[in-house]
file entry_2.cif (mmCIF, C-alpha atoms)
data_model
#
loop_
_atom_site.label_atom_id
_atom_site.label_comp_id
_atom_site.auth_asym_id
_atom_site.auth_seq_id
_atom_site.Cartn_x
_atom_site.Cartn_y
_atom_site.Cartn_z
CA MET M 1 -100.28 20.88 -35.05
CA ALA M 2 -100.01 17.67 -37.06
CA PRO M 3 -96.60 17.16 -38.68
CA SER M 4 -96.32 17.72 -42.42
CA TYR M 5 -94.87 14.91 -44.50
CA LYS M 6 -93.26 14.94 -47.92
CA LEU M 7 -92.28 11.65 -49.50
CA THR M 8 -89.80 11.96 -52.36
CA TYR M 9 -89.50 9.01 -54.70
CA PHE M 10 -89.61 8.16 -58.37
CA ASN M 11 -92.89 7.87 -60.26
CA LEU M 12 -92.98 4.21 -59.30
CA THR M 13 -94.55 1.93 -56.71
CA ALA M 14 -91.44 -0.15 -55.76
CA LEU M 15 -89.76 1.03 -52.52
CA GLY M 16 -92.04 4.04 -52.13
CA GLU M 17 -95.36 2.22 -52.17
CA PRO M 18 -95.22 0.54 -48.73
CA ILE M 19 -94.75 4.01 -47.22
CA ARG M 20 -97.59 5.45 -49.31
CA PHE M 21 -99.82 2.53 -48.23
CA LEU M 22 -99.04 3.30 -44.59
CA PHE M 23 -99.93 6.98 -44.92
CA HIS M 24 -103.15 6.16 -46.76
CA TYR M 25 -104.03 3.49 -44.20
CA GLY M 26 -103.65 6.05 -41.42
CA GLY M 27 -105.56 8.74 -43.30
CA ILE M 28 -102.51 10.98 -43.02
CA ASP M 29 -101.95 13.69 -45.59
CA PHE M 30 -98.55 13.70 -47.26
CA VAL M 31 -97.00 15.28 -50.32
CA ASP M 32 -96.41 12.45 -52.80
CA ASN M 33 -93.43 14.08 -54.49
CA ARG M 34 -92.57 12.08 -57.61
CA ILE M 35 -89.39 13.13 -59.32
CA GLU M 36 -88.73 12.66 -63.00
CA LYS M 37 -85.84 10.44 -64.02
CA ALA M 38 -84.29 13.43 -65.81
CA ASP M 39 -84.08 15.35 -62.51
CA TRP M 40 -82.49 12.51 -60.57
CA PRO M 41 -78.79 13.05 -61.47
CA ALA M 42 -78.96 16.60 -60.04
CA LEU M 43 -80.79 15.50 -56.89
CA LYS M 44 -78.80 12.32 -56.17
CA PRO M 45 -75.65 13.96 -54.71
CA LYS M 46 -77.84 15.99 -52.34
CA THR M 47 -79.39 12.87 -50.78
CA PRO M 48 -77.85 11.24 -47.69
CA TYR M 49 -76.75 8.02 -49.41
CA GLY M 50 -77.55 8.58 -53.08
CA VAL M 51 -80.87 6.78 -53.01
CA LEU M 52 -84.61 7.34 -52.64
CA PRO M 53 -87.13 7.31 -51.00
CA LEU M 54 -86.70 10.20 -48.57
CA LEU M 55 -89.29 11.38 -46.07
CA GLU M 56 -89.21 15.01 -45.03
CA ILE M 57 -90.96 15.88 -41.79
CA ASP M 58 -92.01 19.48 -41.15
CA GLY M 59 -89.59 20.64 -43.84
CA LYS M 60 -86.51 19.89 -41.75
CA GLN M 61 -85.80 16.31 -40.65
CA VAL M 62 -85.06 14.16 -43.72
CA LEU M 63 -85.45 10.41 -43.21
CA HIS M 64 -83.80 7.89 -45.54
CA GLN M 65 -83.68 4.06 -45.78
CA SER M 66 -87.03 2.77 -47.01
CA VAL M 67 -87.59 0.06 -44.41
CA ALA M 68 -86.58 2.31 -41.52
CA ILE M 69 -88.97 4.98 -42.86
CA ALA M 70 -91.77 2.42 -43.17
CA ARG M 71 -91.21 1.27 -39.58
CA TYR M 72 -91.34 4.90 -38.42
CA VAL M 73 -94.60 5.60 -40.29
CA ALA M 74 -96.02 2.29 -39.04
CA LYS M 75 -95.62 3.65 -35.50
CA VAL M 76 -97.40 6.86 -36.51
CA VAL M 77 -100.37 4.90 -37.91
CA ASN M 78 -100.29 2.26 -35.16
CA LEU M 79 -99.56 -0.82 -37.25
CA VAL M 80 -96.73 -2.09 -35.06
CA GLY M 81 -96.67 -4.89 -32.50
CA LYS M 82 -97.95 -4.78 -28.93
CA ASN M 83 -94.61 -5.82 -27.45
CA ASP M 84 -90.98 -6.45 -28.35
CA LEU M 85 -91.54 -10.03 -29.43
CA GLU M 86 -94.38 -9.04 -31.76
CA ASN M 87 -92.17 -6.33 -33.21
CA TRP M 88 -89.42 -8.87 -33.80
CA GLU M 89 -91.92 -11.06 -35.67
CA ILE M 90 -93.04 -8.16 -37.86
CA ASP M 91 -89.46 -7.01 -38.50
CA ALA M 92 -88.37 -10.53 -39.45
CA ALA M 93 -91.24 -10.86 -41.95
CA VAL M 94 -90.30 -7.55 -43.54
CA ASP M 95 -86.63 -8.55 -43.72
CA THR M 96 -87.55 -11.85 -45.35
CA VAL M 97 -89.63 -10.07 -48.01
CA ASN M 98 -86.64 -7.81 -48.55
CA ASP M 99 -84.34 -10.80 -48.93
CA VAL M 100 -86.62 -12.01 -51.73
CA ARG M 101 -86.50 -8.54 -53.29
CA ALA M 102 -82.68 -8.52 -53.22
CA LYS M 103 -82.52 -11.92 -54.91
CA LEU M 104 -85.03 -10.89 -57.58
CA ALA M 105 -83.23 -7.59 -58.19
CA ALA M 106 -79.87 -9.34 -58.60
CA ALA M 107 -81.36 -11.38 -61.45
CA ALA M 108 -83.56 -8.71 -63.02
CA PHE M 109 -80.82 -6.07 -63.18
CA GLU M 110 -78.12 -8.45 -64.41
CA THR M 111 -76.79 -7.21 -67.76
CA ASP M 112 -75.02 -10.38 -68.93
CA GLU M 113 -77.83 -12.31 -70.65
CA THR M 114 -76.37 -15.79 -70.11
CA ARG M 115 -75.85 -15.11 -66.47
CA LYS M 116 -79.27 -13.52 -66.14
CA ALA M 117 -80.91 -16.65 -67.57
CA ALA M 118 -79.00 -18.81 -65.09
CA LEU M 119 -80.02 -16.59 -62.18
CA PHE M 120 -83.69 -16.77 -63.21
CA GLU M 121 -83.39 -20.54 -63.51
CA THR M 122 -82.15 -20.77 -59.91
CA LEU M 123 -84.88 -18.41 -58.75
CA LYS M 124 -87.59 -20.42 -60.47
CA ASP M 125 -86.36 -23.88 -59.47
CA ASP M 126 -85.05 -23.16 -56.03
CA THR M 127 -85.02 -19.73 -54.36
CA LEU M 128 -88.59 -18.61 -55.04
CA PRO M 129 -90.34 -21.91 -54.15
CA PHE M 130 -88.16 -22.11 -51.02
CA PHE M 131 -89.01 -18.62 -49.78
CA LEU M 132 -92.59 -18.39 -51.01
CA SER M 133 -93.70 -21.75 -49.65
CA ARG M 134 -92.31 -20.78 -46.25
CA LEU M 135 -93.89 -17.33 -46.38
CA ASP M 136 -97.16 -18.98 -47.42
CA SER M 137 -97.05 -21.28 -44.37
CA GLN M 138 -96.31 -18.25 -42.24
CA ALA M 139 -99.35 -16.46 -43.72
CA LYS M 140 -101.49 -19.55 -43.08
CA ALA M 141 -100.38 -19.76 -39.45
CA ASN M 142 -101.19 -16.06 -39.10
CA LYS M 143 -104.64 -16.34 -40.71
CA GLY M 144 -103.96 -14.31 -43.84
CA TYR M 145 -101.35 -11.98 -42.38
CA LEU M 146 -97.57 -12.26 -42.31
CA ALA M 147 -97.12 -11.90 -38.57
CA VAL M 148 -98.81 -11.91 -35.15
CA GLY M 149 -102.16 -13.13 -36.52
CA ARG M 150 -103.48 -9.72 -37.51
CA LEU M 151 -102.83 -6.78 -39.82
CA THR M 152 -99.44 -5.07 -39.29
CA TRP M 153 -97.10 -2.98 -41.37
CA ALA M 154 -95.44 -6.20 -42.60
CA ASP M 155 -98.59 -6.86 -44.66
CA LEU M 156 -98.71 -3.34 -46.09
CA PHE M 157 -95.00 -3.61 -46.80
CA PHE M 158 -95.40 -6.91 -48.64
CA VAL M 159 -98.46 -5.98 -50.67
CA GLY M 160 -97.13 -2.47 -51.32
CA ILE M 161 -93.95 -3.85 -52.85
CA LEU M 162 -95.50 -6.94 -54.48
CA ASP M 163 -96.33 -5.29 -57.84
CA PHE M 164 -92.68 -4.35 -58.16
CA LEU M 165 -91.50 -7.82 -57.14
CA ASN M 166 -93.82 -9.29 -59.75
CA ILE M 167 -92.32 -7.03 -62.42
CA LEU M 168 -88.82 -8.11 -61.37
CA ALA M 169 -89.90 -11.78 -61.35
CA GLN M 170 -91.87 -11.52 -64.61
CA GLN M 171 -94.69 -13.48 -62.98
CA ASP M 172 -97.31 -13.20 -60.24
CA LEU M 173 -95.29 -14.51 -57.32
CA VAL M 174 -98.31 -15.44 -55.23
CA ALA M 175 -100.20 -17.29 -58.00
CA ALA M 176 -99.51 -20.70 -56.44
CA TYR M 177 -99.74 -19.54 -52.83
CA PRO M 178 -103.31 -19.16 -51.50
CA ASN M 179 -102.29 -17.77 -48.12
CA LEU M 180 -100.11 -15.07 -49.66
CA GLN M 181 -103.05 -14.28 -51.93
CA ALA M 182 -105.11 -13.90 -48.77
CA VAL M 183 -102.58 -11.38 -47.43
CA ARG M 184 -102.89 -9.40 -50.66
CA LYS M 185 -106.68 -9.60 -50.57
CA ASN M 186 -106.82 -8.52 -46.94
CA VAL M 187 -104.64 -5.48 -47.56
CA LEU M 188 -106.35 -4.45 -50.80
CA ALA M 189 -109.76 -4.78 -49.10
CA ILE M 190 -108.93 -1.95 -46.69
CA ASN M 191 -111.06 0.96 -47.90
CA SER M 192 -108.35 3.61 -47.82
CA ILE M 193 -105.86 1.34 -49.60
CA LYS M 194 -108.44 0.24 -52.15
CA ALA M 195 -109.27 3.88 -52.93
CA TRP M 196 -105.58 4.74 -53.27
CA VAL M 197 -104.78 1.80 -55.55
CA ALA M 198 -107.74 2.74 -57.78
CA LYS M 199 -106.46 6.28 -58.31
CA ARG M 200 -102.66 6.03 -58.02
CA PRO M 201 -100.43 6.92 -60.97
CA LYS M 202 -99.33 4.08 -63.21
CA ASP M 203 -95.73 2.92 -62.79
CA GLN M 204 -93.30 4.41 -65.30
CA LEU M 205 -90.71 1.67 -65.53
CA MET Q 206 -87.21 -15.73 -13.69
CA ALA Q 207 -84.88 -14.27 -16.31
CA PRO Q 208 -85.41 -15.69 -19.80
CA SER Q 209 -82.83 -18.17 -21.08
CA TYR Q 210 -81.22 -17.43 -24.43
CA LYS Q 211 -79.47 -19.72 -26.88
CA LEU Q 212 -77.85 -18.18 -29.95
CA THR Q 213 -77.13 -20.65 -32.73
CA TYR Q 214 -74.62 -19.60 -35.34
CA PHE Q 215 -71.46 -20.80 -37.02
CA ASN Q 216 -68.07 -20.57 -35.33
CA LEU Q 217 -67.70 -17.09 -36.82
CA THR Q 218 -68.14 -13.47 -35.85
CA ALA Q 219 -70.01 -12.23 -39.00
CA LEU Q 220 -73.80 -11.99 -38.49
CA GLY Q 221 -73.70 -13.52 -35.04
CA GLU Q 222 -71.28 -11.10 -33.43
CA PRO Q 223 -73.52 -8.01 -33.16
CA ILE Q 224 -75.98 -10.13 -31.17
CA ARG Q 225 -73.18 -11.54 -28.99
CA PHE Q 226 -71.90 -7.98 -28.40
CA LEU Q 227 -75.38 -6.92 -27.28
CA PHE Q 228 -75.71 -9.79 -24.79
CA HIS Q 229 -72.24 -9.14 -23.40
CA TYR Q 230 -72.93 -5.41 -23.18
CA GLY Q 231 -76.04 -6.12 -21.12
CA GLY Q 232 -74.31 -8.69 -18.93
CA ILE Q 233 -76.89 -11.25 -20.02
CA ASP Q 234 -76.02 -14.93 -19.98
CA PHE Q 235 -76.64 -16.79 -23.21
CA VAL Q 236 -75.62 -20.12 -24.70
CA ASP Q 237 -73.21 -19.32 -27.53
CA ASN Q 238 -74.07 -22.38 -29.59
CA ARG Q 239 -71.53 -22.67 -32.43
CA ILE Q 240 -72.31 -25.33 -34.96
CA GLU Q 241 -69.70 -27.08 -37.05
CA LYS Q 242 -69.89 -26.69 -40.82
CA ALA Q 243 -70.25 -30.46 -41.10
CA ASP Q 244 -73.47 -30.34 -39.06
CA TRP Q 245 -75.04 -27.53 -41.07
CA PRO Q 246 -76.59 -29.53 -43.95
CA ALA Q 247 -78.65 -31.57 -41.47
CA LEU Q 248 -79.73 -28.50 -39.48
CA LYS Q 249 -80.46 -26.17 -42.42
CA PRO Q 250 -83.85 -27.66 -43.47
CA LYS Q 251 -85.05 -27.40 -39.86
CA THR Q 252 -84.46 -23.64 -39.71
CA PRO Q 253 -87.25 -21.18 -40.64
CA TYR Q 254 -85.56 -19.81 -43.78
CA GLY Q 255 -82.46 -21.94 -44.19
CA VAL Q 256 -80.10 -19.47 -42.55
CA LEU Q 257 -78.46 -18.62 -39.25
CA PRO Q 258 -78.31 -17.01 -36.71
CA LEU Q 259 -81.27 -18.17 -34.67
CA LEU Q 260 -82.09 -17.06 -31.15
CA GLU Q 261 -84.01 -19.45 -28.94
CA ILE Q 262 -85.80 -17.95 -25.95
CA ASP Q 263 -86.77 -20.20 -23.03
CA GLY Q 264 -86.39 -23.23 -25.28
CA LYS Q 265 -89.50 -22.45 -27.28
CA GLN Q 266 -89.71 -19.22 -29.31
CA VAL Q 267 -87.12 -19.30 -32.09
CA LEU Q 268 -86.17 -15.94 -33.57
CA HIS Q 269 -84.57 -15.60 -37.00
CA GLN Q 270 -83.32 -12.70 -39.19
CA SER Q 271 -80.11 -11.31 -37.71
CA VAL Q 272 -81.00 -7.62 -37.75
CA ALA Q 273 -84.46 -8.21 -36.29
CA ILE Q 274 -82.87 -10.35 -33.57
CA ALA Q 275 -80.30 -7.63 -32.84
CA ARG Q 276 -83.06 -5.00 -32.57
CA TYR Q 277 -84.93 -7.28 -30.15
CA VAL Q 278 -81.88 -7.85 -27.95
CA ALA Q 279 -81.07 -4.12 -28.12
CA LYS Q 280 -84.42 -3.49 -26.43
CA VAL Q 281 -83.60 -6.05 -23.74
CA VAL Q 282 -80.26 -4.35 -22.99
CA ASN Q 283 -81.66 -0.82 -23.41
CA LEU Q 284 -79.54 0.35 -26.34
CA VAL Q 285 -82.44 1.66 -28.39
CA GLY Q 286 -83.61 5.23 -28.98
CA LYS Q 287 -85.68 7.38 -26.65
CA ASN Q 288 -88.41 7.99 -29.21
CA ASP Q 289 -89.58 6.94 -32.68
CA LEU Q 290 -87.37 9.43 -34.51
CA GLU Q 291 -84.26 8.24 -32.64
CA ASN Q 292 -85.18 4.68 -33.46
CA TRP Q 293 -85.53 5.59 -37.12
CA GLU Q 294 -82.03 7.10 -37.02
CA ILE Q 295 -80.56 3.98 -35.43
CA ASP Q 296 -82.43 1.67 -37.83
CA ALA Q 297 -81.27 3.67 -40.85
CA ALA Q 298 -77.62 3.49 -39.72
CA VAL Q 299 -77.89 -0.28 -39.29
CA ASP Q 300 -79.53 -0.67 -42.71
CA THR Q 301 -76.77 1.40 -44.31
CA VAL Q 302 -74.08 -0.79 -42.74
CA ASN Q 303 -76.01 -3.77 -44.06
CA ASP Q 304 -76.13 -2.25 -47.54
CA VAL Q 305 -72.33 -2.07 -47.43
CA ARG Q 306 -72.22 -5.68 -46.28
CA ALA Q 307 -74.42 -6.80 -49.19
CA LYS Q 308 -72.20 -5.02 -51.70
CA LEU Q 309 -69.04 -6.48 -50.19
CA ALA Q 310 -70.56 -9.96 -50.08
CA ALA Q 311 -71.61 -9.78 -53.74
CA ALA Q 312 -67.98 -9.19 -54.69
CA ALA Q 313 -66.31 -11.50 -52.17
CA PHE Q 314 -68.52 -14.49 -52.95
CA GLU Q 315 -68.37 -14.04 -56.74
CA THR Q 316 -66.91 -17.18 -58.32
CA ASP Q 317 -66.05 -15.78 -61.76
CA GLU Q 318 -62.58 -14.31 -61.24
CA THR Q 319 -62.80 -11.66 -63.99
CA ARG Q 320 -66.10 -10.45 -62.72
CA LYS Q 321 -64.89 -10.55 -59.12
CA ALA Q 322 -61.96 -8.31 -60.00
CA ALA Q 323 -64.30 -5.85 -61.71
CA LEU Q 324 -66.63 -5.80 -58.71
CA PHE Q 325 -63.72 -5.11 -56.35
CA GLU Q 326 -62.55 -2.32 -58.66
CA THR Q 327 -65.97 -0.64 -58.43
CA LEU Q 328 -66.01 -1.12 -54.68
CA LYS Q 329 -62.57 0.38 -54.25
CA ASP Q 330 -63.01 3.32 -56.64
CA ASP Q 331 -66.60 4.16 -56.03
CA THR Q 332 -68.93 2.29 -53.66
CA LEU Q 333 -66.72 2.08 -50.57
CA PRO Q 334 -65.47 5.70 -50.61
CA PHE Q 335 -69.05 6.86 -51.27
CA PHE Q 336 -70.56 4.97 -48.33
CA LEU Q 337 -67.66 5.18 -45.91
CA SER Q 338 -67.09 8.92 -46.30
CA ARG Q 339 -70.79 9.52 -45.62
CA LEU Q 340 -70.82 7.14 -42.65
CA ASP Q 341 -67.69 8.88 -41.38
CA SER Q 342 -69.43 12.29 -41.54
CA GLN Q 343 -72.37 10.76 -39.75
CA ALA Q 344 -70.05 9.44 -37.03
CA LYS Q 345 -68.44 12.88 -36.76
CA ALA Q 346 -71.81 14.62 -36.39
CA ASN Q 347 -72.70 12.07 -33.71
CA LYS Q 348 -69.44 12.47 -31.76
CA GLY Q 349 -67.99 9.03 -32.37
CA TYR Q 350 -71.27 7.14 -32.65
CA LEU Q 351 -73.37 6.27 -35.69
CA ALA Q 352 -76.63 7.81 -34.48
CA VAL Q 353 -78.31 10.11 -31.93
CA GLY Q 354 -75.01 11.35 -30.48
CA ARG Q 355 -74.53 8.49 -28.04
CA LEU Q 356 -73.97 4.74 -27.86
CA THR Q 357 -76.77 2.64 -29.40
CA TRP Q 358 -77.11 -0.80 -30.88
CA ALA Q 359 -76.13 0.65 -34.26
CA ASP Q 360 -72.57 1.04 -32.94
CA LEU Q 361 -72.44 -2.49 -31.53
CA PHE Q 362 -73.91 -3.75 -34.80
CA PHE Q 363 -71.28 -1.95 -36.87
CA VAL Q 364 -68.27 -2.85 -34.77
CA GLY Q 365 -69.55 -6.39 -34.20
CA ILE Q 366 -69.75 -7.02 -37.93
CA LEU Q 367 -66.71 -4.94 -38.94
CA ASP Q 368 -64.14 -7.75 -38.66
CA PHE Q 369 -66.22 -9.77 -41.09
CA LEU Q 370 -66.65 -6.80 -43.45
CA ASN Q 371 -62.88 -6.30 -43.37
CA ILE Q 372 -62.34 -9.92 -44.32
CA LEU Q 373 -64.77 -9.56 -47.21
CA ALA Q 374 -63.12 -6.30 -48.28
CA GLN Q 375 -59.57 -7.63 -47.80
CA GLN Q 376 -58.67 -4.37 -46.06
CA ASP Q 377 -59.40 -2.39 -42.90
CA LEU Q 378 -62.41 -0.42 -44.09
CA VAL Q 379 -62.05 2.32 -41.48
CA ALA Q 380 -58.29 2.91 -41.99
CA ALA Q 381 -58.89 6.26 -43.74
CA TYR Q 382 -61.90 7.27 -41.65
CA PRO Q 383 -61.04 8.71 -38.22
CA ASN Q 384 -64.61 9.07 -37.04
CA LEU Q 385 -65.45 5.47 -37.87
CA GLN Q 386 -62.26 4.51 -36.02
CA ALA Q 387 -63.66 6.46 -33.07
CA VAL Q 388 -66.87 4.39 -33.23
CA ARG Q 389 -64.78 1.21 -33.12
CA LYS Q 390 -62.66 2.53 -30.28
CA ASN Q 391 -65.72 3.61 -28.28
CA VAL Q 392 -67.35 0.20 -28.60
CA LEU Q 393 -64.18 -1.80 -27.93
CA ALA Q 394 -63.49 0.36 -24.85
CA ILE Q 395 -66.65 -0.90 -23.14
CA ASN Q 396 -65.39 -3.25 -20.42
CA SER Q 397 -67.75 -6.13 -21.09
CA ILE Q 398 -67.10 -5.97 -24.85
CA LYS Q 399 -63.34 -5.66 -24.35
CA ALA Q 400 -63.36 -8.73 -22.10
CA TRP Q 401 -65.42 -10.68 -24.63
CA VAL Q 402 -63.23 -9.74 -27.60
CA ALA Q 403 -60.13 -10.79 -25.63
CA LYS Q 404 -61.48 -14.26 -24.97
CA ARG Q 405 -63.76 -15.05 -27.93
CA PRO Q 406 -63.00 -17.95 -30.26
CA LYS Q 407 -61.06 -17.17 -33.41
CA ASP Q 408 -63.05 -17.10 -36.65
CA GLN Q 409 -62.92 -20.34 -38.61
CA LEU Q 410 -63.40 -19.08 -42.15
#
call {"tool": "encode", "arguments": {"input": "entry_2.cif", "output": "structure tokens"}}
result
Amino acid sequence: MAPSYKLTYFNLTALGEPIRFLFHYGGIDFVDNRIEKADWPALKPKTPYGVLPLLEIDGKQVLHQSVAIARYVAKVVNLVGKNDLENWEIDAAVDTVNDVRAKLAAAAFETDETRKAALFETLKDDTLPFFLSRLDSQAKANKGYLAVGRLTWADLFFVGILDFLNILAQQDLVAAYPNLQAVRKNVLAINSIKAWVAKRPKDQL
Amino acid sequence: MAPSYKLTYFNLTALGEPIRFLFHYGGIDFVDNRIEKADWPALKPKTPYGVLPLLEIDGKQVLHQSVAIARYVAKVVNLVGKNDLENWEIDAAVDTVNDVRAKLAAAAFETDETRKAALFETLKDDTLPFFLSRLDSQAKANKGYLAVGRLTWADLFFVGILDFLNILAQQDLVAAYPNLQAVRKNVLAINSIKAWVAKRPKDQL
């Protein structure tokens, strides 16, 4: 019997969406359990490390850590590398996207307005061009994918989280980067992903 | 012929040490290339994303992203899981240790002294007890290891980076956590690791 999956996350794309993309890509049914913000304080202490997403398998095993979950589901849907070196390349791309996310989050969630403005200044002048130009070159070398020259979970991870990164950045991060646009186009052209994106709930930020 | 490995990092434990631990564990020769701080500005622009460590294999392929490198070397030395679910568990433990590192680094590298003090207060009262007590329970459930009830690269990752985390935290993070102490003891009791720790260069922070 096929395993049953329940993904618990907020009613947001953000860290949950790469996992949802992977399930949809693989045509795998899963319960897309979206909890209301009001219910979070009661649920939080019952989670392994106080954060979401969580993936429940067959109602028993509960997986946490969004990237580790995504890597697990990527194996289920066969979007991983063919060998250890390919898997390193995919993992490194995902970690680099996550480094960008961490830098954006540090600025976006800063509560001191002066400091926030300074952080966004550094992002705009330095950090984002540095990372995005390198990621763009990487996508060019890989023909419109982030790693190993073909579609992998790194691409679904990037495009799945990109809407959220753009909200954090207050801009379309890939606007000046044609090869990163190609990654987005390639992922969003996948029929199952396209169908999901057309019908998915709107983010409640 | 066995591949040749060259690890390039600073003359520090920090992000390089989990990878060094893995090589030593596996009895695999590698060039432990430690660059001087003075040479870093010239090298930095030549690296893929402006950071170290890098792992060069056979003088051609250059791997970056410390966790992705560690996962790769863990496969070489056979310290990974037996199946996808075990690998998720190991990956999640590593990511949780890294979350702690990120929170410690944010406080330790803060330059505004008032803010730094406030960040350390939150760490001490809230973040560290929250994470460490949960990691300690996890180590208890896994009999002195962080995952799957036996030695994996998650343990070498944790203990390899722990000295650096302790420097950032300005305390021994595991002092109040007997099961995390057991993880450290188990890793440092491995002959090849013990021999390495006895002879390794002192950190130049």
call {"tool": "closest_residue", "arguments": {"input": "entry_2.cif", "among": "M:Phe30, M:Phe109, M:Phe130, M:Phe21", "to": "chain Q", "atoms": "all atoms listed in the file"}}
result
M:Phe130
call {"tool": "closest_residue", "arguments": {"input": "entry_2.cif", "among": "Q:Leu217, Q:Leu248, Q:Leu393, Q:Val282", "to": "Asp408 of chain Q", "atoms": "all atoms listed in the file"}}
result
Q:Leu217
call {"tool": "resolve_selection", "arguments": {"input": "entry_2.cif", "expression": "the PyMOL selection byres ((chain Q) within 9 of (chain M))", "output": "JSON, numbers by chain"}}
result
{"Q": [253, 254, 255, 268, 269, 270, 271, 272, 273, 274, 276, 277, 280, 281, 289, 290, 292, 293, 294, 295, 296, 297, 298, 300, 301, 335, 336, 339]}
call {"tool": "closest_residue", "arguments": {"input": "entry_2.cif", "among": "M:Leu22, M:Thr47, M:Ala117, M:Glu56", "to": "Tyr5 of chain M", "atoms": "only C-alpha atoms"}}
result
M:Glu56
call {"tool": "closest_residue", "arguments": {"input": "entry_2.cif", "among": "M:Lys37, M:Lys46, M:Arg101, M:Lys124", "to": "Ala14 of chain M", "atoms": "all atoms listed in the file"}}
result
M:Arg101
call {"tool": "residues_around", "arguments": {"input": "entry_2.cif", "residues": "Lys103 of chain M", "least_positions_apart": "2", "cutoff": "10 Å", "atoms": "only C-alpha atoms", "output": "number ranges by chain"}}
result
M: 98-101, 105-108, 119-120, 123, 127-128, 168-169
call {"tool": "atom_distance", "arguments": {"input": "entry_2.cif", "atom1": "atom CA of Thr218 of chain Q", "atom2": "atom CA of Ala247 of chain Q"}}
result
21.7 Å
call {"tool": "closest_residue", "arguments": {"input": "entry_2.cif", "among": "M:Ala175, M:Val197, M:Ala118, M:Val159", "to": "Leu146 of chain M", "atoms": "only C-alpha atoms"}}
result
M:Val159
call {"tool": "decode", "arguments": {"input": "entry_2.cif", "residues": "segment 313-324 of chain Q", "atoms": "N, CA, C and O atoms", "output": "PDB file, in the first residue's frame"}}
result
ATOM      1  N   ALA Q 313      26.924  36.526  18.353  1.00  0.00           N
ATOM      2  CA  ALA Q 313      28.371  36.679  18.563  1.00  0.00           C
ATOM      3  C   ALA Q 313      28.986  37.717  17.628  1.00  0.00           C
ATOM      4  O   ALA Q 313      29.925  38.408  18.004  1.00  0.00           O
ATOM      5  N   PHE Q 314      28.462  37.803  16.397  1.00  0.00           N
ATOM      6  CA  PHE Q 314      29.049  38.714  15.422  1.00  0.00           C
ATOM      7  C   PHE Q 314      28.334  40.068  15.370  1.00  0.00           C
ATOM      8  O   PHE Q 314      28.634  40.898  14.520  1.00  0.00           O
ATOM      9  N   GLU Q 315      27.374  40.271  16.266  1.00  0.00           N
ATOM     10  CA  GLU Q 315      26.694  41.563  16.362  1.00  0.00           C
ATOM     11  C   GLU Q 315      27.690  42.629  16.842  1.00  0.00           C
ATOM     12  O   GLU Q 315      28.443  42.397  17.775  1.00  0.00           O
ATOM     13  N   THR Q 316      27.684  43.784  16.175  1.00  0.00           N
ATOM     14  CA  THR Q 316      28.668  44.813  16.525  1.00  0.00           C
ATOM     15  C   THR Q 316      28.100  45.881  17.468  1.00  0.00           C
ATOM     16  O   THR Q 316      28.855  46.577  18.142  1.00  0.00           O
ATOM     17  N   ASP Q 317      26.788  46.011  17.507  1.00  0.00           N
ATOM     18  CA  ASP Q 317      26.158  46.954  18.442  1.00  0.00           C
ATOM     19  C   ASP Q 317      26.092  46.284  19.823  1.00  0.00           C
ATOM     20  O   ASP Q 317      25.416  45.259  19.999  1.00  0.00           O
ATOM     21  N   GLU Q 318      26.798  46.834  20.792  1.00  0.00           N
ATOM     22  CA  GLU Q 318      26.979  46.154  22.079  1.00  0.00           C
ATOM     23  C   GLU Q 318      25.668  45.973  22.852  1.00  0.00           C
ATOM     24  O   GLU Q 318      25.450  44.942  23.502  1.00  0.00           O
ATOM     25  N   THR Q 319      24.781  46.969  22.791  1.00  0.00           N
ATOM     26  CA  THR Q 319      23.489  46.876  23.488  1.00  0.00           C
ATOM     27  C   THR Q 319      22.655  45.738  22.897  1.00  0.00           C
ATOM     28  O   THR Q 319      22.082  44.912  23.608  1.00  0.00           O
ATOM     29  N   ARG Q 320      22.634  45.751  21.583  1.00  0.00           N
ATOM     30  CA  ARG Q 320      21.876  44.723  20.891  1.00  0.00           C
ATOM     31  C   ARG Q 320      22.479  43.328  21.121  1.00  0.00           C
ATOM     32  O   ARG Q 320      21.765  42.339  21.300  1.00  0.00           O
ATOM     33  N   LYS Q 321      23.794  43.265  21.105  1.00  0.00           N
ATOM     34  CA  LYS Q 321      24.489  42.003  21.341  1.00  0.00           C
ATOM     35  C   LYS Q 321      24.110  41.424  22.704  1.00  0.00           C
ATOM     36  O   LYS Q 321      23.824  40.224  22.829  1.00  0.00           O
ATOM     37  N   ALA Q 322      24.104  42.286  23.698  1.00  0.00           N
ATOM     38  CA  ALA Q 322      23.740  41.848  25.053  1.00  0.00           C
ATOM     39  C   ALA Q 322      22.309  41.316  25.080  1.00  0.00           C
ATOM     40  O   ALA Q 322      22.024  40.284  25.712  1.00  0.00           O
ATOM     41  N   ALA Q 323      21.415  41.999  24.377  1.00  0.00           N
ATOM     42  CA  ALA Q 323      20.015  41.552  24.338  1.00  0.00           C
ATOM     43  C   ALA Q 323      19.894  40.201  23.631  1.00  0.00           C
ATOM     44  O   ALA Q 323      19.137  39.320  24.063  1.00  0.00           O
ATOM     45  N   LEU Q 324      20.644  40.042  22.551  1.00  0.00           N
ATOM     46  CA  LEU Q 324      20.605  38.763  21.823  1.00  0.00           C
ATOM     47  C   LEU Q 324      21.129  37.621  22.686  1.00  0.00           C
ATOM     48  O   LEU Q 324      20.556  36.520  22.702  1.00  0.00           O
TER      49      LEU Q 324
END
